[in-house]
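Structure first, commentary second.
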Amino acid sequence: SELPTLVGKRAVLDIAAGTPLTSTQFADQVVPGEGQTVVGLSLAPGFLPSIPLKAGDKVRVVQPAVTLPGQQAGLPNTIPASVVGVSKSADGRATLVDVAVATDAAPGLAAETSSGKIVLVLDSRNR
């Protein structure tokens, strides 16, 4: 009876033949979307807002500028992103944030996450 509401949606998990279908098994869009990649960040307190993040929040990942000795510090690099999911690490010390970023920004961001120097900032939720 709900089949018309599911037409055009994408399955969010594998569905075995013969399994009864429910609306929770489908989404309007697939994450990551076209041209996007999901990168996982492990952030210590002080490196992200204390306001709880929600899936869909617009954020920016801020990376320190590379400054050579004797040069004035440059502006930090920022990467626009959207929150896909948030959880706590097994030991509870870090917040794990999955963010969707442009595919071309993902490798650099993934490499930078191990430095422990990135900060996540929350942009306005008013859209």
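Labels for the structure tokens follow display order: chains A, B, ..., residues from 1 in each chain, ligands from 1.
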
Next on the checklist: I'd like the contact shell of region 91-108 of chain A - 10 Å cut-off, only C-alpha atoms, skipping same-chain residues fewer than 6 positions apart - returned as an MDAnalysis selection string.
Outcome noted: chainID A and resid 31:45 47:48 53:61 79:85 120

Can I get the selected residues back with N, CA, C and O atoms, as a compact mmCIF listing (two decimals), in the first residue's frame?
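Produced file out.txt, reproduced below:
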# COMPACT_ATOMS: atom_id res chain seq x y z
N VAL A 31 24.17 8.77 0.56
CA VAL A 31 25.32 9.48 1.12
C VAL A 31 26.52 8.56 0.98
O VAL A 31 26.44 7.40 1.36
N PRO A 32 27.61 9.01 0.45
CA PRO A 32 27.85 10.36 -0.06
C PRO A 32 27.21 10.56 -1.43
O PRO A 32 27.09 9.62 -2.21
N GLY A 33 26.84 11.78 -1.70
CA GLY A 33 26.24 12.13 -2.98
C GLY A 33 27.29 12.19 -4.08
O GLY A 33 28.49 12.06 -3.83
N GLU A 34 26.82 12.40 -5.28
CA GLU A 34 27.69 12.53 -6.45
C GLU A 34 28.73 13.62 -6.21
O GLU A 34 28.39 14.73 -5.78
N GLY A 35 30.01 13.31 -6.43
CA GLY A 35 31.08 14.29 -6.28
C GLY A 35 31.50 14.52 -4.83
O GLY A 35 32.26 15.45 -4.55
N GLN A 36 31.02 13.67 -3.92
CA GLN A 36 31.37 13.82 -2.51
C GLN A 36 31.98 12.54 -1.98
O GLN A 36 31.75 11.45 -2.51
N THR A 37 32.74 12.69 -0.90
CA THR A 37 33.38 11.57 -0.21
C THR A 37 33.19 11.78 1.28
O THR A 37 33.24 12.91 1.76
N VAL A 38 32.97 10.70 2.03
CA VAL A 38 32.85 10.81 3.48
C VAL A 38 34.22 10.55 4.11
O VAL A 38 34.89 9.57 3.79
N VAL A 39 34.62 11.47 4.99
CA VAL A 39 35.89 11.36 5.72
C VAL A 39 35.57 11.32 7.20
O VAL A 39 34.76 12.12 7.69
N GLY A 40 36.19 10.42 7.92
CA GLY A 40 35.99 10.31 9.36
C GLY A 40 37.02 11.15 10.11
O GLY A 40 38.21 11.07 9.82
N LEU A 41 36.54 11.93 11.06
CA LEU A 41 37.42 12.76 11.88
C LEU A 41 37.32 12.30 13.33
O LEU A 41 36.23 12.01 13.82
N SER A 42 38.44 12.24 14.01
CA SER A 42 38.47 11.96 15.44
C SER A 42 38.95 13.23 16.11
O SER A 42 40.10 13.63 15.94
N LEU A 43 38.05 13.87 16.86
CA LEU A 43 38.34 15.18 17.42
C LEU A 43 38.28 15.17 18.94
O LEU A 43 37.31 14.69 19.53
N ALA A 44 39.32 15.73 19.55
CA ALA A 44 39.37 15.85 21.01
C ALA A 44 38.54 17.05 21.44
O ALA A 44 38.27 17.94 20.63
N PRO A 45 38.14 17.10 22.71
CA PRO A 45 37.43 18.27 23.20
C PRO A 45 38.25 19.53 22.91
O PRO A 45 39.47 19.53 22.99
N PHE A 47 38.32 20.91 19.96
CA PHE A 47 38.57 20.95 18.52
C PHE A 47 37.27 20.88 17.71
O PHE A 47 37.29 20.72 16.51
N LEU A 48 36.14 20.99 18.41
CA LEU A 48 34.83 21.04 17.79
C LEU A 48 33.90 21.76 18.75
O LEU A 48 34.21 21.87 19.94
N LEU A 53 26.46 18.23 17.47
CA LEU A 53 26.31 18.28 16.02
C LEU A 53 25.24 17.29 15.59
O LEU A 53 25.04 16.25 16.22
N LYS A 54 24.56 17.63 14.49
CA LYS A 54 23.51 16.78 13.95
C LYS A 54 23.82 16.46 12.49
O LYS A 54 24.43 17.28 11.79
N ALA A 55 23.34 15.33 12.03
CA ALA A 55 23.47 15.00 10.61
C ALA A 55 22.83 16.10 9.79
O ALA A 55 21.75 16.59 10.12
N GLY A 56 23.53 16.56 8.77
CA GLY A 56 23.04 17.61 7.92
C GLY A 56 23.59 18.99 8.27
O GLY A 56 23.48 19.92 7.47
N ASP A 57 24.19 19.14 9.45
CA ASP A 57 24.78 20.43 9.82
C ASP A 57 25.86 20.81 8.81
O ASP A 57 26.66 19.97 8.39
N LYS A 58 25.91 22.09 8.47
CA LYS A 58 26.96 22.63 7.61
C LYS A 58 28.11 23.05 8.51
O LYS A 58 27.92 23.81 9.46
N VAL A 59 29.28 22.55 8.23
CA VAL A 59 30.46 22.83 9.02
C VAL A 59 31.62 23.19 8.10
O VAL A 59 31.53 23.03 6.88
N ARG A 60 32.70 23.68 8.69
CA ARG A 60 33.95 23.86 7.97
C ARG A 60 35.05 23.19 8.76
O ARG A 60 35.10 23.29 9.99
N VAL A 61 35.92 22.48 8.05
CA VAL A 61 37.09 21.88 8.66
C VAL A 61 38.22 22.88 8.46
O VAL A 61 38.52 23.26 7.33
N ILE A 79 37.77 23.81 4.62
CA ILE A 79 37.08 22.90 3.70
C ILE A 79 35.61 22.85 4.13
O ILE A 79 35.30 22.44 5.26
N PRO A 80 34.69 23.26 3.25
CA PRO A 80 33.27 23.15 3.60
C PRO A 80 32.85 21.68 3.63
O PRO A 80 33.33 20.87 2.82
N ALA A 81 31.98 21.35 4.57
CA ALA A 81 31.55 19.96 4.73
C ALA A 81 30.15 19.93 5.32
O ALA A 81 29.64 20.93 5.80
N SER A 82 29.54 18.75 5.29
CA SER A 82 28.29 18.53 6.01
C SER A 82 28.45 17.29 6.87
O SER A 82 29.08 16.32 6.47
N VAL A 83 27.86 17.36 8.05
CA VAL A 83 27.93 16.25 9.00
C VAL A 83 27.04 15.11 8.51
O VAL A 83 25.89 15.32 8.16
N VAL A 84 27.63 13.92 8.49
CA VAL A 84 26.88 12.72 8.11
C VAL A 84 26.48 11.94 9.36
O VAL A 84 25.37 11.42 9.45
N GLY A 85 27.37 11.89 10.33
CA GLY A 85 27.08 11.17 11.56
C GLY A 85 28.05 11.56 12.65
O GLY A 85 29.16 12.04 12.37
N LEU A 120 36.91 21.72 13.83
CA LEU A 120 35.63 21.73 13.14
C LEU A 120 34.81 22.90 13.66
O LEU A 120 34.67 23.06 14.88

Checklist entry - Which parts of chain A does DSSP call alpha helix (DSSP H) when run on the backbone here, written out as a ChimeraX atom specification? => result /A:3-6,106-112

Based on the selection just made, write N, CA and C atoms of those residues as a short mmCIF file (atom, residue, chain, number, x, y, z; two decimals), in the first residue's frame.
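Printed below is again16.cif as written:
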data_model
loop_
_atom_site.label_atom_id
_atom_site.label_comp_id
_atom_site.auth_asym_id
_atom_site.auth_seq_id
_atom_site.Cartn_x
_atom_site.Cartn_y
_atom_site.Cartn_z
N LEU A 3 3.82 1.51 -1.57
CA LEU A 3 4.74 1.45 -2.70
C LEU A 3 4.88 2.78 -3.42
N PRO A 4 3.81 3.52 -3.68
CA PRO A 4 3.98 4.81 -4.36
C PRO A 4 4.90 5.79 -3.62
N THR A 5 4.96 5.70 -2.28
CA THR A 5 5.83 6.62 -1.53
C THR A 5 7.30 6.21 -1.60
N LEU A 6 7.57 4.97 -2.03
CA LEU A 6 8.94 4.49 -2.11
C LEU A 6 9.55 4.64 -3.51
N ALA A 106 39.05 15.32 -0.24
CA ALA A 106 39.09 14.20 0.70
C ALA A 106 40.49 13.67 0.98
N PRO A 107 41.36 13.44 -0.02
CA PRO A 107 42.67 12.87 0.30
C PRO A 107 43.51 13.75 1.24
N GLY A 108 43.54 15.05 0.97
CA GLY A 108 44.29 15.95 1.84
C GLY A 108 43.73 16.00 3.24
N LEU A 109 42.42 16.02 3.35
CA LEU A 109 41.78 16.04 4.67
C LEU A 109 42.05 14.74 5.41
N ALA A 110 41.94 13.63 4.72
CA ALA A 110 42.20 12.34 5.37
C ALA A 110 43.64 12.27 5.88
N ALA A 111 44.58 12.78 5.10
CA ALA A 111 45.98 12.77 5.53
C ALA A 111 46.19 13.69 6.72
N GLU A 112 45.50 14.80 6.75
CA GLU A 112 45.66 15.80 7.81
C GLU A 112 45.02 15.38 9.12
#

Checklist entry - Near Gln63 (chain A), counting only C-alpha atoms, which residues have an atom at most 7 Å away, once you skip same-chain residues fewer than 5 positions from it, shown as a ChimeraX atom specification? => result /A:76-78,117-119
